[in-house]
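Below is work_20.cif, which holds mmCIF, C-alpha atoms.
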```cif
data_coords
loop_
_atom_site.label_atom_id
_atom_site.label_comp_id
_atom_site.auth_asym_id
_atom_site.auth_seq_id
_atom_site.Cartn_x
_atom_site.Cartn_y
_atom_site.Cartn_z
CA MET A 232 -9.45 9.41 -16.28
CA ASN A 233 -10.23 6.81 -13.57
CA LEU A 234 -7.99 3.82 -14.02
CA PHE A 235 -8.70 1.64 -11.00
CA GLN A 236 -11.29 1.59 -8.25
CA GLY A 237 -10.36 -0.82 -5.49
CA LYS A 238 -11.67 -1.60 -2.01
CA CYS A 239 -8.91 0.38 -0.33
CA VAL A 240 -7.29 2.56 -2.99
CA SER A 241 -8.08 3.96 -6.39
CA TRP A 242 -6.13 5.92 -8.94
CA SER A 243 -6.65 8.19 -11.87
CA VAL A 244 -4.65 10.39 -14.22
CA ASN A 245 -5.56 13.92 -15.14
CA ASP A 246 -3.39 16.20 -17.26
CA GLY A 247 -0.21 14.28 -16.48
CA VAL A 248 -0.85 14.00 -12.73
CA ILE A 249 -1.48 10.58 -11.25
CA GLU A 250 -3.68 10.71 -8.16
CA LEU A 251 -3.67 7.81 -5.72
CA GLU A 252 -6.60 7.98 -3.34
CA LEU A 253 -6.64 6.02 -0.09
CA HIS A 254 -10.17 5.24 1.05
CA ARG A 255 -10.30 2.34 3.46
CA GLU A 256 -12.42 2.97 6.55
CA PRO A 257 -11.82 4.02 9.23
CA CYS A 258 -8.38 5.52 8.61
CA ASN A 259 -6.63 3.69 5.76
CA GLU A 260 -5.10 0.99 7.94
CA ILE A 261 -2.66 -0.87 5.69
CA GLY A 262 -3.57 -4.54 5.63
CA SER A 263 -3.38 -7.34 3.09
CA VAL A 264 -6.02 -6.00 0.69
CA THR A 265 -4.43 -2.55 0.68
CA LEU A 266 -1.07 -4.16 0.02
CA ASP A 267 -2.45 -6.18 -2.92
CA GLU A 268 -3.88 -3.02 -4.44
CA LEU A 269 -0.75 -0.97 -3.79
CA GLU A 270 1.34 -3.65 -5.50
CA ARG A 271 -0.90 -3.35 -8.54
CA PHE A 272 -0.52 0.44 -8.36
CA ALA A 273 3.28 0.22 -8.15
CA THR A 274 3.36 -1.84 -11.37
CA GLU A 275 1.10 0.62 -13.18
CA LEU A 276 2.97 3.62 -11.79
CA LEU A 277 6.07 2.79 -13.79
CA ALA A 278 4.02 2.37 -16.99
CA LEU A 279 2.22 5.66 -16.37
CA ALA A 280 5.52 7.44 -15.73
CA GLU A 281 6.81 6.10 -19.09
CA ASP A 282 3.64 7.43 -20.63
CA ASP A 283 4.47 11.00 -19.67
CA ALA A 284 2.86 11.46 -16.25
CA HIS A 285 5.01 14.06 -14.49
CA ALA A 286 3.67 13.94 -10.93
CA LEU A 287 1.97 11.70 -8.42
CA VAL A 288 -0.25 12.99 -5.62
CA ILE A 289 -1.19 10.60 -2.81
CA TYR A 290 -4.05 11.62 -0.56
CA SER A 291 -6.74 10.22 1.69
CA ALA A 292 -10.50 10.48 1.32
CA MET A 293 -11.02 9.52 4.97
CA PRO A 294 -11.90 12.47 7.24
CA SER A 295 -9.88 11.15 10.19
CA GLY A 296 -6.57 11.33 8.42
CA PHE A 297 -4.05 10.20 5.84
CA SER A 298 -3.42 6.79 7.37
CA ALA A 299 -3.22 5.28 10.84
CA GLY A 300 -0.58 2.81 9.63
CA ALA A 301 -0.46 -0.97 9.60
CA ASP A 302 -3.66 -2.91 10.24
CA LEU A 303 -2.64 -4.14 13.68
CA ARG A 304 -5.87 -6.01 14.22
CA GLU A 305 -5.28 -8.07 11.09
CA LEU A 306 -1.63 -8.60 12.07
CA TYR A 307 -2.65 -9.83 15.52
CA ARG A 308 -5.42 -12.04 14.18
CA ARG A 309 -3.15 -13.68 11.61
CA SER A 310 -0.37 -14.35 14.10
CA GLN A 311 -2.67 -15.99 16.64
CA GLY A 312 -2.50 -19.75 16.74
CA MET A 313 0.68 -19.76 14.66
CA GLU A 314 3.98 -21.06 15.88
CA ARG A 315 6.17 -18.00 16.48
CA GLY A 316 8.66 -18.78 13.72
CA GLN A 317 5.86 -19.20 11.21
CA ALA A 318 4.30 -15.87 12.26
CA VAL A 319 7.63 -14.10 11.84
CA ALA A 320 8.13 -15.64 8.41
CA GLY A 321 4.72 -14.32 7.42
CA VAL A 322 5.60 -10.87 8.73
CA ARG A 323 8.90 -10.87 6.84
CA GLU A 324 7.15 -11.71 3.60
CA TYR A 325 4.61 -8.95 4.20
CA LEU A 326 7.33 -6.40 4.96
CA GLU A 327 9.34 -7.34 1.89
CA ARG A 328 6.29 -6.80 -0.27
CA ILE A 329 5.54 -3.44 1.39
CA HIS A 330 9.14 -2.35 0.95
CA GLU A 331 8.99 -3.20 -2.73
CA VAL A 332 5.97 -0.91 -3.12
CA MET A 333 7.51 1.86 -1.03
CA ASN A 334 10.82 1.68 -2.90
CA THR A 335 9.01 1.86 -6.24
CA ILE A 336 7.18 5.03 -5.24
CA ASP A 337 10.30 6.49 -3.62
CA SER A 338 12.36 6.02 -6.79
CA ALA A 339 9.60 6.76 -9.29
CA PRO A 340 10.77 8.89 -12.26
CA LEU A 341 8.38 11.72 -11.50
CA THR A 342 7.80 14.08 -8.59
CA THR A 343 5.69 12.62 -5.82
CA ILE A 344 3.61 14.59 -3.34
CA ALA A 345 1.80 13.38 -0.22
CA ALA A 346 -1.16 15.60 0.71
CA VAL A 347 -1.78 14.75 4.35
CA HIS A 348 -4.31 15.66 6.99
CA GLY A 349 -5.22 14.31 10.42
CA VAL A 350 -3.67 11.09 11.61
CA THR A 351 -0.49 10.23 9.71
CA PHE A 352 0.92 7.51 11.92
CA GLY A 353 3.27 4.56 11.60
CA GLY A 354 2.98 2.99 8.16
CA GLY A 355 0.94 5.98 7.05
CA LEU A 356 3.82 8.30 7.88
CA GLU A 357 6.14 5.88 6.12
CA LEU A 358 4.01 6.13 2.98
CA ALA A 359 4.17 9.93 3.17
CA LEU A 360 7.94 9.82 3.68
CA VAL A 361 8.54 7.98 0.40
CA CYS A 362 7.17 11.03 -1.40
CA ASP A 363 9.41 13.88 -2.53
CA LEU A 364 7.20 16.49 -0.90
CA ILE A 365 4.76 16.42 2.00
CA ILE A 366 2.06 19.08 2.06
CA ALA A 367 0.26 19.03 5.40
CA ASP A 368 -3.06 20.43 6.51
CA LYS A 369 -2.54 22.29 9.79
CA MET A 370 -4.48 19.59 11.64
CA ALA A 371 -2.13 16.82 10.45
CA ARG A 372 -0.40 14.87 13.16
CA PHE A 373 2.64 12.63 12.71
CA CYS A 374 3.79 9.78 14.88
CA PHE A 375 5.78 6.56 15.02
CA PRO A 376 3.99 4.70 17.80
CA GLU A 377 5.67 1.36 17.15
CA LEU A 378 7.78 1.47 20.32
CA ARG A 379 4.53 1.25 22.30
CA LEU A 380 4.09 -2.19 20.75
CA GLY A 381 7.67 -3.31 21.34
CA LEU A 382 8.54 -2.74 17.70
CA ILE A 383 10.28 -0.26 15.43
CA PRO A 384 8.78 1.15 12.22
CA GLY A 385 8.93 -1.61 9.65
CA PHE A 386 7.86 -0.02 6.37
CA GLY A 387 11.13 1.86 5.85
CA GLY A 388 10.51 4.76 8.22
CA ILE A 389 13.81 4.86 10.06
CA PRO A 390 16.14 4.97 7.04
CA ARG A 391 13.91 7.55 5.38
CA LEU A 392 13.66 9.68 8.52
CA LYS A 393 17.44 9.58 8.80
CA ARG A 394 17.69 10.61 5.17
CA ASP A 395 15.50 13.66 5.69
CA LEU A 396 15.81 14.84 9.28
CA GLY A 397 18.39 15.58 11.94
CA ASN A 398 19.17 12.61 14.16
CA ALA A 399 17.94 14.35 17.33
CA VAL A 400 14.45 14.76 15.86
CA VAL A 401 14.47 11.14 14.68
CA ARG A 402 15.41 9.97 18.20
CA ASP A 403 12.65 12.10 19.71
CA LEU A 404 10.02 10.62 17.38
CA LEU A 405 11.15 7.04 17.76
CA LEU A 406 12.12 6.84 21.42
CA THR A 407 9.24 8.84 22.93
CA GLY A 408 6.55 7.56 20.56
CA ARG A 409 4.99 11.00 20.71
CA SER A 410 3.15 12.72 17.90
CA PHE A 411 4.09 16.04 16.29
CA ASN A 412 1.80 18.57 14.75
CA ALA A 413 2.35 19.94 11.24
CA THR A 414 4.08 23.11 12.44
CA LYS A 415 6.65 21.09 14.35
CA ALA A 416 7.04 18.69 11.42
CA GLN A 417 7.75 21.61 9.08
CA ALA A 418 10.27 23.11 11.54
CA ALA A 419 11.98 19.72 11.67
CA GLY A 420 12.21 19.61 7.88
CA MET A 421 9.73 16.79 7.28
CA VAL A 422 6.93 18.85 5.76
CA SER A 423 7.45 21.34 2.94
CA GLN A 424 4.21 23.33 3.31
CA VAL A 425 1.62 23.70 6.08
CA VAL A 426 -1.73 24.81 4.70
CA GLY A 427 -5.19 25.62 5.99
CA GLU A 428 -7.57 22.93 7.12
CA GLY A 429 -8.91 20.96 4.19
CA GLU A 430 -6.50 22.61 1.74
CA ALA A 431 -3.74 20.00 1.42
CA LEU A 432 -5.10 18.29 -1.70
CA ARG A 433 -5.83 21.55 -3.48
CA VAL A 434 -2.33 22.84 -2.80
CA ALA A 435 -0.80 19.49 -3.80
CA ARG A 436 -2.66 19.67 -7.12
CA ALA A 437 -1.51 23.27 -7.66
CA THR A 438 2.08 22.18 -6.92
CA ALA A 439 1.78 19.25 -9.33
CA ALA A 440 0.47 21.60 -12.04
CA GLN A 441 3.48 23.85 -11.47
CA LEU A 442 5.85 20.91 -12.03
CA LYS A 443 4.56 20.40 -15.55
CA LYS A 444 6.48 23.49 -16.64
CA PHE A 445 9.84 21.82 -16.06
CA ASP A 446 11.79 19.37 -18.18
CA ARG A 447 11.01 15.98 -16.72
CA ALA A 448 14.33 14.33 -17.44
CA THR A 449 16.09 17.16 -15.61
CA ALA A 450 13.73 16.85 -12.63
CA VAL A 451 14.31 13.10 -12.49
CA ALA A 452 18.10 13.56 -12.67
CA ALA A 453 17.95 16.10 -9.83
CA LYS A 454 15.75 13.82 -7.74
CA ARG A 455 18.08 10.85 -8.19
CA PHE A 456 21.05 12.99 -7.24
CA ILE A 457 19.60 14.41 -4.03
CA LYS A 458 17.40 11.54 -2.85
CA PRO A 459 19.29 8.27 -2.53
CA ILE A 460 17.32 5.16 -1.59
CA PRO A 461 18.97 3.59 1.47
CA TYR A 462 18.51 0.00 0.29
CA ALA A 463 20.97 -1.64 2.71
CA GLU A 464 19.46 0.09 5.74
CA LEU A 465 15.94 -0.74 4.56
CA LYS A 466 16.83 -4.45 4.47
CA ARG A 467 18.43 -4.15 7.92
CA GLU A 468 15.25 -2.54 9.25
CA ILE A 469 13.26 -5.61 8.17
CA ASP A 470 15.75 -7.89 9.98
CA ILE A 471 15.54 -5.88 13.21
CA PHE A 472 11.73 -5.73 13.01
CA CYS A 473 11.50 -9.51 12.58
CA ASP A 474 13.90 -10.13 15.47
CA LEU A 475 11.76 -7.93 17.71
CA PHE A 476 8.54 -9.56 16.50
CA MET A 477 9.70 -12.81 18.08
CA LYS A 478 9.59 -11.27 21.57
CA PRO A 479 6.62 -11.70 23.96
CA ALA A 480 6.44 -7.90 24.47
CA VAL A 481 5.12 -7.55 20.93
CA GLU A 482 2.32 -10.04 21.38
CA ASN A 483 1.41 -8.27 24.63
CA GLY A 484 1.51 -4.87 22.95
CA LEU A 485 -0.65 -6.02 20.05
CA ARG A 486 -3.13 -7.70 22.37
CA LYS A 487 -3.41 -4.53 24.45
CA PHE A 488 -4.07 -2.49 21.29
CA VAL A 489 -6.62 -4.93 19.91
CA GLU A 490 -8.43 -5.41 23.21
CA SER A 491 -8.60 -1.70 24.04
CA THR A 492 -12.15 -0.48 24.46
CA ASP A 493 -11.18 2.79 22.82
CA ALA A 494 -12.05 2.60 19.13
CA GLN A 495 -8.56 3.74 18.25
CA PRO A 496 -6.24 3.76 21.24
CA TYR A 497 -3.76 6.30 19.96
CA LEU A 498 -2.76 8.11 23.11
CA PRO A 499 0.57 6.83 24.42
CA MET B 397 -9.63 28.28 30.58
CA ASP B 398 -12.47 29.92 28.66
CA GLU B 399 -10.46 29.73 25.45
CA ILE B 400 -9.96 25.99 25.91
CA LEU B 401 -13.63 25.36 26.60
CA ASN B 402 -14.63 27.55 23.64
CA LEU B 403 -12.25 25.69 21.32
CA ALA B 404 -13.45 22.29 22.51
CA ALA B 405 -17.11 23.28 22.15
CA ALA B 406 -16.53 24.68 18.64
CA HIS B 407 -14.41 21.75 17.44
CA PHE B 408 -16.75 19.05 18.67
CA LYS B 409 -19.92 21.07 18.02
CA VAL B 410 -21.36 20.89 21.52
CA PRO B 411 -23.06 23.81 23.33
CA ARG B 412 -20.43 25.80 25.20
CA GLU B 413 -22.64 26.09 28.31
CA LYS B 414 -22.52 22.32 28.75
CA LEU B 415 -18.77 22.32 29.40
CA THR B 416 -17.19 23.11 32.76
CA PRO B 417 -13.52 23.02 33.82
CA ASP B 418 -13.80 19.85 35.86
CA ASP B 419 -15.68 17.83 33.27
CA ASP B 420 -14.19 14.58 32.05
CA PHE B 421 -13.80 15.65 28.43
CA PHE B 422 -13.78 12.08 27.10
CA LYS B 423 -17.21 11.48 28.61
CA MET B 424 -18.63 14.98 28.17
CA LEU B 425 -17.57 15.29 24.53
CA GLY B 426 -18.04 11.59 23.75
CA ILE B 427 -14.65 11.39 22.11
CA ASP B 428 -12.02 8.71 21.62
CA SER B 429 -8.25 9.02 21.72
CA LEU B 430 -8.00 10.03 18.05
CA GLN B 431 -10.39 12.88 18.60
CA ALA B 432 -8.47 13.84 21.75
CA LEU B 433 -5.42 14.23 19.51
CA GLU B 434 -7.43 16.51 17.23
CA LEU B 435 -8.25 18.67 20.25
CA LEU B 436 -4.57 18.63 21.20
CA THR B 437 -3.61 19.86 17.72
CA ARG B 438 -6.23 22.58 17.85
CA LEU B 439 -4.93 23.74 21.24
CA GLU B 440 -1.28 23.64 20.16
CA ASN B 441 -2.09 25.72 17.07
CA HIS B 442 -4.14 28.21 19.07
CA PHE B 443 -1.69 28.71 21.94
CA HIS B 444 1.46 28.24 19.81
CA VAL B 445 2.80 25.62 22.18
CA GLU B 446 4.06 22.10 21.76
CA LEU B 447 2.36 19.62 24.07
CA PRO B 448 3.67 16.06 23.78
CA ASP B 449 0.76 13.67 23.91
CA TYR B 450 2.29 11.74 26.83
CA GLU B 451 1.58 14.89 28.86
CA LEU B 452 -2.08 13.94 28.46
CA GLN B 453 -1.59 10.67 30.33
CA GLY B 454 -4.08 10.57 33.14
CA VAL B 455 -5.52 13.94 32.10
CA SER B 456 -9.22 13.86 31.49
CA ASP B 457 -10.49 17.23 32.72
CA PHE B 458 -10.14 20.68 31.19
CA ARG B 459 -8.66 22.26 34.32
CA THR B 460 -5.68 19.90 34.39
CA LEU B 461 -5.31 20.25 30.62
CA ALA B 462 -5.18 24.03 31.04
CA GLY B 463 -2.40 23.58 33.59
CA ARG B 464 -0.37 21.50 31.15
CA ILE B 465 -0.76 24.17 28.47
CA GLN B 466 0.10 26.96 30.92
CA ALA B 467 3.32 25.19 31.81
CA ARG B 468 4.37 25.44 28.17
CA LEU B 469 3.67 29.16 27.66
#
```
Now, as a test, write the supplied structure out as structure tokens.
Amino acid sequence: MNLFQGKCVSWSVNDGVIELELHREPCNEIGSVTLDELERFATELLALAEDDAHALVIYSAMPSGFSAGADLRELYRRSQGMERGQAVAGVREYLERIHEVMNTIDSAPLTTIAAVHGVTFGGGLELALVCDLIIADKMARFCFPELRLGLIPGFGGIPRLKRDLGNAVVRDLLLTGRSFNATKAQAAGMVSQVVGEGEALRVARATAAQLKKFDRATAVAAKRFIKPIPYAELKREIDIFCDLFMKPAVENGLRKFVESTDAQPYLP
Amino acid sequence: MDEILNLAAAHFKVPREKLTPDDDFFKMLGIDSLQALELLTRLENHFHVELPDYELQGVSDFRTLAGRIQARL
């Protein structure tokens, strides 16, 4: 049953599985409209979970990938002409809203699965990381490119990476800004299954169907036991991000990204 | 080298005979940086190597790309 069709996302429920589809061209960049729609989704998610949904699958309908992350062009445009303090205040408000959405999905009382392919960068990777399981197409690629802009991930990526991966891998991702393929991501412990090209959604759906066999309350209890939400660190991440956003290096980094003649300047 | 050119031709659906080792692959294939990353993933999967994308800095021809891959085998 289709429940919502938005400009950037839509969702439906079928046999107890909620499916959240990301479909903003070109690669699900997360801007203000996406955030508005995700906030609406987060509210409905809790109601749907009460109503006996047992799993959530998040996937992208865009061929280029799961999500390229924050809409940097919108961020740059909005911060232009603003006094720096005002721009940072706007960024803080945006981050707090994103975190609220991410935390809701992360703590949702059902099993959540991200079915990813192609570009899964920055905020897109952060959205995948809030899920309990990541199923990756073998062409998926993961990256935190924020350092290239003079920033750190701001949607909760660092605390969640630390929760899931060894610190050496986290340092590699953050400090080099390089991207990993799905095989490497699975070896590092980020991805639970690597599947054939174009197969991530099918396998995610099969996994979600499997979950229906289990007692939901038990699954939720297990999830809460093994997957703490690092609330204090998440708040600290916002503070550090906002401190960095004040620096000229960030404006320069954003300008370079926005002014690049490459349609999507993703090589470091 | 042939394997790289074959993979690039197949992935981007261009005639294999149009590609040569010293071609600028951005221009010859008409690709952007995102698509270059797709090629990188394809090559990593095929050769079972890990090639950090910063190794592609300044690399725009297949011959140099082949050298970078060789160094990881």
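Evaluated against the shown file, the PyMOL selection byres ((chain B) within 10 of (chain A)) gives Ile427, Asp428, Ser429, Leu430, Gln431, Ala432, Leu433, Glu434, Leu435, Leu436, Thr437, Arg438, Glu440, Asn441, His444, Val445, Glu446, Leu447, Pro448, Asp449, Tyr450, Glu451, Leu452 and Gln453 of chain B.
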Which residues come within 12 Å of region 415-423 of chain B, counting all atoms listed in the file, excluding same-chain residues fewer than 2 positions away, as a ChimeraX atom specification?
/A:493 /B:397-406,408-413,425-433,435,452,454-463
Coordinates of box centre and edge lengths for region 329-347 of chain A, 3 Å on every side, axis-aligned, as AutoDock Vina command-line options:
```
--center_x 5.3 --center_y 6.1 --center_z -4.0 --size_x 20.1 --size_y 25.0 --size_z 22.6
```
Chain and number of each residue from the PyMOL selection byres ((chain A and resi 442-444) around 8), as an mmCIF file with C-alpha atoms, in the frame of the given file:
```cif
data_model
loop_
_atom_site.group_PDB
_atom_site.id
_atom_site.type_symbol
_atom_site.label_atom_id
_atom_site.label_comp_id
_atom_site.auth_asym_id
_atom_site.auth_seq_id
_atom_site.Cartn_x
_atom_site.Cartn_y
_atom_site.Cartn_z
ATOM 1 C CA GLY A 247 -0.210 14.280 -16.480
ATOM 2 C CA HIS A 285 5.010 14.060 -14.490
ATOM 3 C CA ALA A 286 3.670 13.940 -10.930
ATOM 4 C CA THR A 342 7.800 14.080 -8.590
ATOM 5 C CA THR A 438 2.080 22.180 -6.920
ATOM 6 C CA ALA A 439 1.780 19.250 -9.330
ATOM 7 C CA ALA A 440 0.470 21.600 -12.040
ATOM 8 C CA GLN A 441 3.480 23.850 -11.470
ATOM 9 C CA PHE A 445 9.840 21.820 -16.060
ATOM 10 C CA ASP A 446 11.790 19.370 -18.180
ATOM 11 C CA ARG A 447 11.010 15.980 -16.720
#
```
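Counting from CA of Ser243 (chain A), the distance to CA of Tyr290 (chain A) is 12.1 Å.
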Which residues, written as an mmCIF file with C-alpha atoms, in the frame of the given file, have at least one atom at most 10 Å from Leu276 (chain A), with all atoms listed in the file counted and residues fewer than 2 positions away on the same chain left out?
```cif
data_model
loop_
_atom_site.group_PDB
_atom_site.id
_atom_site.type_symbol
_atom_site.label_atom_id
_atom_site.label_comp_id
_atom_site.auth_asym_id
_atom_site.auth_seq_id
_atom_site.Cartn_x
_atom_site.Cartn_y
_atom_site.Cartn_z
ATOM 1 C CA TRP A 242 -6.130 5.920 -8.940
ATOM 2 C CA ILE A 249 -1.480 10.580 -11.250
ATOM 3 C CA LEU A 251 -3.670 7.810 -5.720
ATOM 4 C CA LEU A 269 -0.750 -0.970 -3.790
ATOM 5 C CA GLU A 270 1.340 -3.650 -5.500
ATOM 6 C CA ARG A 271 -0.900 -3.350 -8.540
ATOM 7 C CA PHE A 272 -0.520 0.440 -8.360
ATOM 8 C CA ALA A 273 3.280 0.220 -8.150
ATOM 9 C CA THR A 274 3.360 -1.840 -11.370
ATOM 10 C CA ALA A 278 4.020 2.370 -16.990
ATOM 11 C CA LEU A 279 2.220 5.660 -16.370
ATOM 12 C CA ALA A 280 5.520 7.440 -15.730
ATOM 13 C CA GLU A 281 6.810 6.100 -19.090
ATOM 14 C CA ASP A 282 3.640 7.430 -20.630
ATOM 15 C CA ALA A 284 2.860 11.460 -16.250
ATOM 16 C CA LEU A 287 1.970 11.700 -8.420
ATOM 17 C CA THR A 335 9.010 1.860 -6.240
ATOM 18 C CA ILE A 336 7.180 5.030 -5.240
ATOM 19 C CA ALA A 339 9.600 6.760 -9.290
ATOM 20 C CA PRO A 340 10.770 8.890 -12.260
ATOM 21 C CA LEU A 341 8.380 11.720 -11.500
#
```
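Between CA of Cys362 (chain A) and CA of Ala345 (chain A) there is a distance of 6.0 Å.
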Can you pull out the residues contacting region 325-327 of chain A? Cut-off 10 Å, using all atoms listed in the file, and skip same-chain residues under 5 positions away; I want them as a ChimeraX atom specification.
/A:262-263,266,319-320,332-333,385-387,465-466,468-470,472-473
Please produce a file of those selected residues containing C-alpha atoms, as a compact mmCIF listing (two decimals), in the frame of the given file.
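That gives us result22.txt:
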```txt
# COMPACT_ATOMS: atom_id res chain seq x y z
CA GLY A 262 -3.57 -4.54 5.63
CA SER A 263 -3.38 -7.34 3.09
CA LEU A 266 -1.07 -4.16 0.02
CA VAL A 319 7.63 -14.10 11.84
CA ALA A 320 8.13 -15.64 8.41
CA VAL A 332 5.97 -0.91 -3.12
CA MET A 333 7.51 1.86 -1.03
CA GLY A 385 8.93 -1.61 9.65
CA PHE A 386 7.86 -0.02 6.37
CA GLY A 387 11.13 1.86 5.85
CA LEU A 465 15.94 -0.74 4.56
CA LYS A 466 16.83 -4.45 4.47
CA GLU A 468 15.25 -2.54 9.25
CA ILE A 469 13.26 -5.61 8.17
CA ASP A 470 15.75 -7.89 9.98
CA PHE A 472 11.73 -5.73 13.01
CA CYS A 473 11.50 -9.51 12.58
```
Across A:Arg467, A:Val347, A:Ala418, A:Val451, the smallest distance to Glu430 (chain A), with all atoms listed in the file counted, is shown by A:Val347
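Atom pair CA of Ser298 (chain A) / CA of Ile457 (chain A): separated by 26.8 Å.
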Could you list, as a count of residues only, every residue matched by the PyMOL selection byres ((chain A and resi 258) around 10) in this structure?
24
Taking only C-alpha atoms into account, which of A:Phe235, A:Phe488, A:Phe373, A:Tyr462 comes nearest Ala416 (chain A)?
A:Phe373
